[in-house]
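One structure is given below, encoded as structure tokens.
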Amino acid sequence: MSIDQQATADLQEFAREWARTHVRTGSLEEAERVAVEVSRIVGQAVAEEALAGAREASYEGCSRPCGCGRKAEFVSYRGKSLVTLVGEVRVERAYYHCKHCHTGVAPWDATQGLTRRCYSPGVKAVVAETVARMPYGGGMEFLARLTPLRIEESAAELIAEEVGGRAREAQAGATERYLSGLVPLPTGPPVERLYVTLDGSSAHIDGAWHEVKSGAVYAAEPGDDDVDRSGPKRYVSAQEPAEGFLARLYVEALQAGVHRADEVIVLGDGAEWIWNHAAVHFPGATQIVDYWHACQHIHDLAKVQYGEGSPQGQRWAREHCTRLREDGPARYRRALRRMKPRSPEAAEKLRTERGYFTANAHRMRYPQFRARRLMIGSGIAEAACKVIVGQRLKQPGMRWGHEGADHVLALRCLVLNQQHDHIRHHAKAA
């Protein structure tokens with residue numbers, strides 16, 4: 001329901017009259033403090049009065065079906081304290097009891113998304129989004145300064161577990177439904193070019209460092225220098241094998257319109273798992289090794305061959321990075337074949353780099369890609385790892401359990417994707 005204009009005007013006039021009688025200050029800070037306090041007091045009273053209708057709405061007759069297959073009988077209306085966004089409020093609703101299985105239930109609670117912990121779905125959504133953005137302790141302290149909410153860190157972890165768990169289940173379910181053809185493909189306008197980028201990073205999980213895969217999907221937008229620019233991004237991140245992650249990323253790409261795209265570009269760091277699975281989910285896509293990843297390989301070899309910080313090595317690396325961008329990988333591959341390693345370590349590194357640049361040569365045709373105004377090294381995949389994983393899971397002293405990390409990753413992706421309605425939905429279902 002919404003408040004009509006006349007009701008809003010009446011409320012404002014009442015508030016002004018009340019303020020004229022009870023509040024008078026020349027201090028902006030004091031005026032804000034009083035206004036916030038009054039808004040919370042009034043909001044709490046309004047919520048509690050508005051919920052008076054729950055008493056009648058919750059009554060389902062003298063009996064209702066019980067989970068055991070028998071009937072649960074109406075007992076009475078019982079009160080329940082709820083933690084809401086405006087503070088604690090009390091509500092009365094119908095309570096039923098089954099004498100056969102000795103189970104009591106208030107059906108209204110389930111329809112409202114309430115659990116035994118008595119947090120409203122609105123509270124759970126706010127807490128879930130807050131912990132997706134910042135550490136549990138600091139996040140709850142921040143909420144306490146801005147709202148009436150006083151949520152213990154342990155309670156915030158449980159809320160994140162519930163809401164994040166629902167988000168993970170929903171993502172897995174959506175992936176299965178799309179891959180099984182059980183839902184129609186999303187409709188929308190044609191997409192000229194769609195980019196899919198992916199990379200891996202690590203986080204300290206279950207007492208060791210584990211890989212977390214992250215990716216982003218975005219449509220191209222015209223740039224000022226005849227090179228594509230990235231549009232709004234859709235992020236995906238998870239701890240799972242490559243096959244499952246690519247399936248999840250593919251579904252995100254479907255929702256972004258990959259099936260309506262004139263051209264699809266897959267940008268990665270050259271890891272074999274990326275290309276093997278990208279070929280399955282994005283057949284016919286243009287595959288590009290991120291230029292900056294390729295340059296990092298060149299610089300890494302220079303450090304081993306010429307020594308850390310060597311001016312000769314730095315000059316050699318810069319020259320070959322420029323040639324790679326301007327001419328493609330052929331000249332650099334010839335340089336690798338001619339290079340004489342200066343140490344056993346350099347020999348092993350050289351062997352690895354020869355294989356890397358040979359296997360990915362067709363993905364490093366940077367002059368041709370640039371001529372088509374394609375992005376060859378946006379850094380978006382690496383940025384996705386940093387913004388999803390690094391900024392939340394890898395802060396000083398953080399240690400995660402497997403499920404806890406997954407729940408926060410799911411919530412963080414929803415926040416970054418601006419899917420706040422999904423968080424509210426999962427909060428009510430949790």
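The chains in the structure tokens are called A, B, ... from first to last as shown; in each chain the residues are counted from 1, and the ligands are counted from 1 in the order shown.
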Exercise: Thr103 in chain A partners within 9 Å, only C-alpha atoms, chain neighbours under 4 positions left out, as a list in words: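 Listing them by chain and then by number gives Cys66, Gly67, Ala72, Tyr96, His97, Cys98 and Lys99 of chain A.
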Would you write out, as a Markdown table, a table of all residues in range 189-253 of chain A that have an atom no more than 7 Å from an atom of range 362-382 of chain A, listing for each the closest atom pair and the distance in Å to one decimal, considering only C-alpha atoms and ordering rows by chain and rising residue number?
| residue | atom | partner | partner_atom | distance |
| --- | --- | --- | --- | --- |
| A:Thr197 | CA | A:Ala381 | CA | 5.2 |
| A:Leu198 | CA | A:Ala381 | CA | 5.1 |
| A:Asp199 | CA | A:Ala381 | CA | 5.6 |
| A:Gly215 | CA | A:Ala381 | CA | 5.9 |
| A:Ala216 | CA | A:Ala381 | CA | 6.5 |
| A:Asp226 | CA | A:Arg373 | CA | 5.8 |
| A:Val227 | CA | A:Arg373 | CA | 4.3 |
| A:Asp228 | CA | A:Leu374 | CA | 5.7 |
Prev. selection, N, CA and C atoms, output as a PDB file, in the first residue's frame:
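Now in part32.pdb:
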ATOM      1  N   THR A 197      34.576 -12.377 -19.861  1.00  0.00           N
ATOM      2  CA  THR A 197      35.935 -12.421 -19.334  1.00  0.00           C
ATOM      3  C   THR A 197      35.958 -13.255 -18.058  1.00  0.00           C
ATOM      4  N   LEU A 198      37.048 -13.959 -17.812  1.00  0.00           N
ATOM      5  CA  LEU A 198      37.132 -14.808 -16.629  1.00  0.00           C
ATOM      6  C   LEU A 198      38.582 -14.989 -16.212  1.00  0.00           C
ATOM      7  N   ASP A 199      38.724 -15.253 -14.913  1.00  0.00           N
ATOM      8  CA  ASP A 199      40.072 -15.378 -14.332  1.00  0.00           C
ATOM      9  C   ASP A 199      39.935 -16.111 -13.004  1.00  0.00           C
ATOM     10  N   GLY A 215      34.215 -14.055 -13.019  1.00  0.00           N
ATOM     11  CA  GLY A 215      34.024 -13.653 -14.408  1.00  0.00           C
ATOM     12  C   GLY A 215      33.078 -12.479 -14.513  1.00  0.00           C
ATOM     13  N   ALA A 216      33.071 -11.873 -15.673  1.00  0.00           N
ATOM     14  CA  ALA A 216      32.175 -10.745 -15.935  1.00  0.00           C
ATOM     15  C   ALA A 216      31.657 -10.849 -17.359  1.00  0.00           C
ATOM     16  N   ASP A 226      37.878   4.583 -31.222  1.00  0.00           N
ATOM     17  CA  ASP A 226      37.592   3.473 -32.134  1.00  0.00           C
ATOM     18  C   ASP A 226      37.882   2.108 -31.517  1.00  0.00           C
ATOM     19  N   VAL A 227      37.828   2.030 -30.208  1.00  0.00           N
ATOM     20  CA  VAL A 227      37.979   0.761 -29.496  1.00  0.00           C
ATOM     21  C   VAL A 227      36.757   0.580 -28.606  1.00  0.00           C
ATOM     22  N   ASP A 228      36.263  -0.655 -28.532  1.00  0.00           N
ATOM     23  CA  ASP A 228      35.102  -0.926 -27.676  1.00  0.00           C
ATOM     24  C   ASP A 228      35.353  -0.479 -26.247  1.00  0.00           C
TER      25      ASP A 228
END
Distance in Å - CA of Gly79 in chain A versus CA of Ala52 in chain A: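 Separation between CA of Gly79 in chain A and CA of Ala52 in chain A: 11.0 Å.
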For CA of Tyr178 in chain A and CA of Trp273 in chain A, the interatomic separation in Å (one decimal):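 Spanning CA of Tyr178 in chain A to CA of Trp273 in chain A is a straight-line distance of 22.2 Å.
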Please, which residues in range 395-426 of chain A fall within 12 Å of range 244-261 of chain A when counting only C-alpha atoms, and what is the closest atom pair and distance in Å to one decimal for each, ordered by chain then residue number, as JSON lines?
{"residue": "A:Ala410", "atom": "CA", "partner": "A:Arg248", "partner_atom": "CA", "distance": 11.8}
{"residue": "A:Cys413", "atom": "CA", "partner": "A:Glu252", "partner_atom": "CA", "distance": 11.3}
{"residue": "A:Leu414", "atom": "CA", "partner": "A:Glu252", "partner_atom": "CA", "distance": 11.8}
{"residue": "A:Asn417", "atom": "CA", "partner": "A:Glu252", "partner_atom": "CA", "distance": 10.7}
With N, CA and C atoms retained, could you export that selection as a short mmCIF file (atom, residue, chain, number, x, y, z; two decimals), in the first residue's frame?
data_model
loop_
_atom_site.label_atom_id
_atom_site.label_comp_id
_atom_site.auth_asym_id
_atom_site.auth_seq_id
_atom_site.Cartn_x
_atom_site.Cartn_y
_atom_site.Cartn_z
N ALA A 410 28.18 -15.17 -3.28
CA ALA A 410 26.88 -15.07 -3.95
C ALA A 410 26.23 -13.73 -3.67
N CYS A 413 28.10 -10.78 -5.47
CA CYS A 413 27.78 -10.68 -6.90
C CYS A 413 26.42 -10.03 -7.11
N LEU A 414 25.43 -10.38 -6.28
CA LEU A 414 24.12 -9.75 -6.41
C LEU A 414 24.21 -8.25 -6.17
N ASN A 417 25.93 -6.61 -9.12
CA ASN A 417 25.05 -6.65 -10.29
C ASN A 417 23.80 -5.79 -10.12
#
Computed interatomic separation between CA of Arg331 in chain A and CA of Gln287 in chain A (Å):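 Between CA of Arg331 in chain A and CA of Gln287 in chain A the gap works out to 20.6 Å.
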DSSP alpha helix (DSSP H) residues within range 194-300 of chain A, listed as a ChimeraX atom specification: /A:242-256,272-281,291-300
Exercise: Ser81 in chain A partners within 12 Å, only C-alpha atoms, chain neighbours under 5 positions left out, as a VMD selection string: chain A and resid 48 51 87 to 93 109 114 to 120
Those residues with N, CA and C atoms, as a tab-separated table (two decimals), in the first residue's frame please?
chain	number	residue	atom	x	y	z
A	48	GLU	N	3.80	-0.96	14.19
A	48	GLU	CA	3.07	-1.78	15.14
A	48	GLU	C	1.56	-1.64	14.95
A	51	LEU	N	0.43	-3.38	11.76
A	51	LEU	CA	0.41	-4.84	11.88
A	51	LEU	C	-0.75	-5.35	12.73
A	87	GLY	N	12.90	-0.77	14.22
A	87	GLY	CA	13.04	-1.15	15.62
A	87	GLY	C	12.18	-2.36	15.96
A	88	GLU	N	12.10	-2.67	17.24
A	88	GLU	CA	11.34	-3.83	17.67
A	88	GLU	C	9.86	-3.50	17.75
A	89	VAL	N	9.03	-4.34	17.15
A	89	VAL	CA	7.58	-4.17	17.21
A	89	VAL	C	6.96	-5.50	17.63
A	90	ARG	N	5.76	-5.43	18.10
A	90	ARG	CA	5.06	-6.63	18.57
A	90	ARG	C	3.81	-6.85	17.74
A	91	VAL	N	3.55	-8.11	17.41
A	91	VAL	CA	2.41	-8.45	16.58
A	91	VAL	C	1.72	-9.66	17.18
A	92	GLU	N	0.40	-9.72	17.04
A	92	GLU	CA	-0.38	-10.89	17.46
A	92	GLU	C	-0.89	-11.61	16.23
A	93	ARG	N	-0.75	-12.93	16.25
A	93	ARG	CA	-1.23	-13.72	15.12
A	93	ARG	C	-1.76	-15.05	15.63
A	109	ASP	N	3.63	-16.45	10.22
A	109	ASP	CA	5.07	-16.24	10.26
A	109	ASP	C	5.74	-16.68	8.96
A	114	LEU	N	9.38	-15.01	8.22
A	114	LEU	CA	9.93	-14.92	9.56
A	114	LEU	C	10.51	-16.27	10.00
A	115	THR	N	11.60	-16.21	10.75
A	115	THR	CA	12.20	-17.41	11.30
A	115	THR	C	12.19	-17.31	12.82
A	116	ARG	N	12.76	-18.30	13.47
A	116	ARG	CA	12.78	-18.29	14.94
A	116	ARG	C	13.55	-17.10	15.49
A	117	ARG	N	14.47	-16.56	14.68
A	117	ARG	CA	15.26	-15.43	15.17
A	117	ARG	C	14.51	-14.11	15.09
A	118	CYS	N	13.33	-14.10	14.48
A	118	CYS	CA	12.40	-12.96	14.53
A	118	CYS	C	12.89	-11.74	13.76
A	119	TYR	N	13.81	-11.91	12.82
A	119	TYR	CA	14.22	-10.78	12.00
A	119	TYR	C	13.29	-10.66	10.79
A	120	SER	N	12.85	-9.46	10.51
A	120	SER	CA	12.01	-9.26	9.33
A	120	SER	C	12.84	-9.47	8.07
DSSP strand (DSSP E) residues within range 180-375 of chain A, as a ChimeraX atom specification: /A:191-205,208-221,229-238,261-268,286-289
Show which residues sit within 10 Å of Asn276 in chain A, as a PDB file with N, CA and C atoms, in the first residue's frame. Count only C-alpha atoms, and ignore same-chain residues fewer than 5 positions away.
ATOM      1  N   ALA A 242      35.964 -26.094 -13.121  1.00  0.00           N
ATOM      2  CA  ALA A 242      35.815 -25.247 -14.303  1.00  0.00           C
ATOM      3  C   ALA A 242      34.494 -25.495 -15.030  1.00  0.00           C
ATOM      4  N   GLU A 243      34.090 -26.748 -15.149  1.00  0.00           N
ATOM      5  CA  GLU A 243      32.877 -27.062 -15.902  1.00  0.00           C
ATOM      6  C   GLU A 243      31.652 -26.404 -15.276  1.00  0.00           C
ATOM      7  N   ALA A 271      44.823 -19.697 -19.568  1.00  0.00           N
ATOM      8  CA  ALA A 271      44.733 -20.982 -18.864  1.00  0.00           C
ATOM      9  C   ALA A 271      43.941 -21.980 -19.706  1.00  0.00           C
ATOM     10  N   HIS A 281      30.667 -23.793 -24.393  1.00  0.00           N
ATOM     11  CA  HIS A 281      29.542 -22.901 -24.100  1.00  0.00           C
ATOM     12  C   HIS A 281      29.444 -21.710 -25.044  1.00  0.00           C
TER      13      HIS A 281
END
Using only C-alpha atoms: which of A:Cys321, A:Leu179, A:Cys68, A:Val304 has the shortest distance to Pro344 in chain A: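 Using only C-alpha atoms, Pro344 in chain A sits closest to A:Val304.
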Non-local contacts of Arg412 in chain A (7 Å; only C-alpha atoms; under 4 positions in same chain excluded) as a ChimeraX atom specification: /A:132-133,388,408,416
Best match for closeness to Thr130 in chain A among A:Val236, A:Ile41, A:Val389, A:Ala144, counting only C-alpha atoms: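 Ranking A:Val236, A:Ile41, A:Val389, A:Ala144 by distance to Thr130 in chain A, first place goes to A:Ala144.
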Listing only residues of range 355-376 of chain A within 12 Å of range 345-351 of chain A, what is the closest atom pair and its distance in Å (to one decimal) for each, using only C-alpha atoms, sorted by chain and residue number ascending, as a tab-separated table?
residue	atom	partner	partner_atom	distance
A:Gly355	CA	A:Arg351	CA	6.5
A:Tyr356	CA	A:Arg351	CA	8.8
A:Phe357	CA	A:Arg351	CA	10.3
A:Thr358	CA	A:Arg351	CA	10.8
Take the residues just selected and output them with C-alpha atoms as a compact mmCIF listing (two decimals), in the first residue's frame.
# COMPACT_ATOMS: atom_id res chain seq x y z
CA GLY A 355 54.54 -23.65 -24.91
CA TYR A 356 52.28 -20.83 -23.69
CA PHE A 357 52.88 -18.55 -26.68
CA THR A 358 52.65 -21.44 -29.16
Non-local contacts of range 121-123 of chain A (10 Å; only C-alpha atoms; under 3 positions in same chain excluded) as a list in words: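 Near neighbours after the sequence-gap exclusion: Val83, Thr84, Leu85, Val86, Gly87, Gln112, Gly113, Leu114, Thr115, Cys118, Val126, Val127, Ala128, Glu129, Leu149, Ile151, Ile159, Val163, Ile423, Arg424, His425, His426, Ala427, Lys428, Ala429 and Ala430 of chain A.
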For the residues in the current selection, export N, CA and C atoms as a PDB file, in the first residue's frame.
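So the final result, stored in selection.pdb, reads:
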ATOM      1  N   VAL A  83      12.096  -7.940  15.064  1.00  0.00           N
ATOM      2  CA  VAL A  83      13.110  -6.919  14.823  1.00  0.00           C
ATOM      3  C   VAL A  83      12.920  -6.431  13.395  1.00  0.00           C
ATOM      4  N   THR A  84      12.515  -5.167  13.239  1.00  0.00           N
ATOM      5  CA  THR A  84      12.254  -4.587  11.932  1.00  0.00           C
ATOM      6  C   THR A  84      13.215  -3.442  11.661  1.00  0.00           C
ATOM      7  N   LEU A  85      13.117  -2.874  10.490  1.00  0.00           N
ATOM      8  CA  LEU A  85      13.995  -1.769  10.116  1.00  0.00           C
ATOM      9  C   LEU A  85      13.743  -0.518  10.937  1.00  0.00           C
ATOM     10  N   VAL A  86      12.585  -0.428  11.595  1.00  0.00           N
ATOM     11  CA  VAL A  86      12.286   0.741  12.424  1.00  0.00           C
ATOM     12  C   VAL A  86      12.396   0.417  13.903  1.00  0.00           C
ATOM     13  N   GLY A  87      12.899  -0.774  14.225  1.00  0.00           N
ATOM     14  CA  GLY A  87      13.038  -1.153  15.622  1.00  0.00           C
ATOM     15  C   GLY A  87      12.178  -2.360  15.955  1.00  0.00           C
ATOM     16  N   GLN A 112       5.243 -14.462   5.971  1.00  0.00           N
ATOM     17  CA  GLN A 112       5.943 -13.179   6.068  1.00  0.00           C
ATOM     18  C   GLN A 112       7.463 -13.321   6.005  1.00  0.00           C
ATOM     19  N   GLY A 113       7.942 -14.550   5.876  1.00  0.00           N
ATOM     20  CA  GLY A 113       9.386 -14.760   5.799  1.00  0.00           C
ATOM     21  C   GLY A 113      10.075 -14.646   7.143  1.00  0.00           C
ATOM     22  N   LEU A 114       9.378 -15.014   8.217  1.00  0.00           N
ATOM     23  CA  LEU A 114       9.935 -14.921   9.564  1.00  0.00           C
ATOM     24  C   LEU A 114      10.512 -16.265   9.998  1.00  0.00           C
ATOM     25  N   THR A 115      11.595 -16.210  10.752  1.00  0.00           N
ATOM     26  CA  THR A 115      12.199 -17.413  11.304  1.00  0.00           C
ATOM     27  C   THR A 115      12.189 -17.307  12.819  1.00  0.00           C
ATOM     28  N   CYS A 118      13.332 -14.100  14.479  1.00  0.00           N
ATOM     29  CA  CYS A 118      12.405 -12.960  14.529  1.00  0.00           C
ATOM     30  C   CYS A 118      12.892 -11.736  13.764  1.00  0.00           C
ATOM     31  N   VAL A 126      18.970  -6.146   4.500  1.00  0.00           N
ATOM     32  CA  VAL A 126      19.936  -5.083   4.793  1.00  0.00           C
ATOM     33  C   VAL A 126      21.215  -5.666   5.383  1.00  0.00           C
ATOM     34  N   VAL A 127      21.083  -6.608   6.300  1.00  0.00           N
ATOM     35  CA  VAL A 127      22.255  -7.235   6.909  1.00  0.00           C
ATOM     36  C   VAL A 127      23.046  -8.000   5.841  1.00  0.00           C
ATOM     37  N   ALA A 128      22.349  -8.756   4.996  1.00  0.00           N
ATOM     38  CA  ALA A 128      23.024  -9.537   3.962  1.00  0.00           C
ATOM     39  C   ALA A 128      23.795  -8.632   3.011  1.00  0.00           C
ATOM     40  N   GLU A 129      23.180  -7.527   2.604  1.00  0.00           N
ATOM     41  CA  GLU A 129      23.874  -6.626   1.689  1.00  0.00           C
ATOM     42  C   GLU A 129      25.050  -5.943   2.381  1.00  0.00           C
ATOM     43  N   LEU A 149      18.998  -0.850  14.363  1.00  0.00           N
ATOM     44  CA  LEU A 149      19.388  -2.254  14.415  1.00  0.00           C
ATOM     45  C   LEU A 149      20.628  -2.469  15.273  1.00  0.00           C
ATOM     46  N   ILE A 151      22.582  -5.739  15.738  1.00  0.00           N
ATOM     47  CA  ILE A 151      22.724  -7.138  15.339  1.00  0.00           C
ATOM     48  C   ILE A 151      24.105  -7.643  15.752  1.00  0.00           C
ATOM     49  N   ILE A 159      22.551 -14.929   9.315  1.00  0.00           N
ATOM     50  CA  ILE A 159      21.693 -14.332   8.286  1.00  0.00           C
ATOM     51  C   ILE A 159      22.349 -14.460   6.915  1.00  0.00           C
ATOM     52  N   VAL A 163      20.568 -16.291   3.778  1.00  0.00           N
ATOM     53  CA  VAL A 163      20.240 -15.559   2.557  1.00  0.00           C
ATOM     54  C   VAL A 163      21.210 -15.929   1.433  1.00  0.00           C
ATOM     55  N   ILE A 423      18.082 -10.014  -3.575  1.00  0.00           N
ATOM     56  CA  ILE A 423      18.455 -10.160  -2.171  1.00  0.00           C
ATOM     57  C   ILE A 423      17.217 -10.113  -1.296  1.00  0.00           C
ATOM     58  N   ARG A 424      16.311  -9.193  -1.568  1.00  0.00           N
ATOM     59  CA  ARG A 424      15.066  -9.118  -0.783  1.00  0.00           C
ATOM     60  C   ARG A 424      14.247 -10.385  -0.929  1.00  0.00           C
ATOM     61  N   HIS A 425      14.191 -10.912  -2.142  1.00  0.00           N
ATOM     62  CA  HIS A 425      13.444 -12.155  -2.372  1.00  0.00           C
ATOM     63  C   HIS A 425      14.051 -13.309  -1.590  1.00  0.00           C
ATOM     64  N   HIS A 426      15.370 -13.448  -1.650  1.00  0.00           N
ATOM     65  CA  HIS A 426      16.024 -14.537  -0.923  1.00  0.00           C
ATOM     66  C   HIS A 426      15.917 -14.346   0.580  1.00  0.00           C
ATOM     67  N   ALA A 427      15.912 -13.079   1.028  1.00  0.00           N
ATOM     68  CA  ALA A 427      15.772 -12.817   2.466  1.00  0.00           C
ATOM     69  C   ALA A 427      14.401 -13.261   2.967  1.00  0.00           C
ATOM     70  N   LYS A 428      13.377 -13.089   2.162  1.00  0.00           N
ATOM     71  CA  LYS A 428      12.042 -13.526   2.589  1.00  0.00           C
ATOM     72  C   LYS A 428      11.916 -15.038   2.555  1.00  0.00           C
ATOM     73  N   ALA A 429      12.613 -15.663   1.599  1.00  0.00           N
ATOM     74  CA  ALA A 429      12.546 -17.128   1.491  1.00  0.00           C
ATOM     75  C   ALA A 429      13.421 -17.824   2.514  1.00  0.00           C
ATOM     76  N   ALA A 430      14.421 -17.114   3.068  1.00  0.00           N
ATOM     77  CA  ALA A 430      15.372 -17.757   3.983  1.00  0.00           C
ATOM     78  C   ALA A 430      14.726 -18.067   5.329  1.00  0.00           C
TER      79      ALA A 430
END
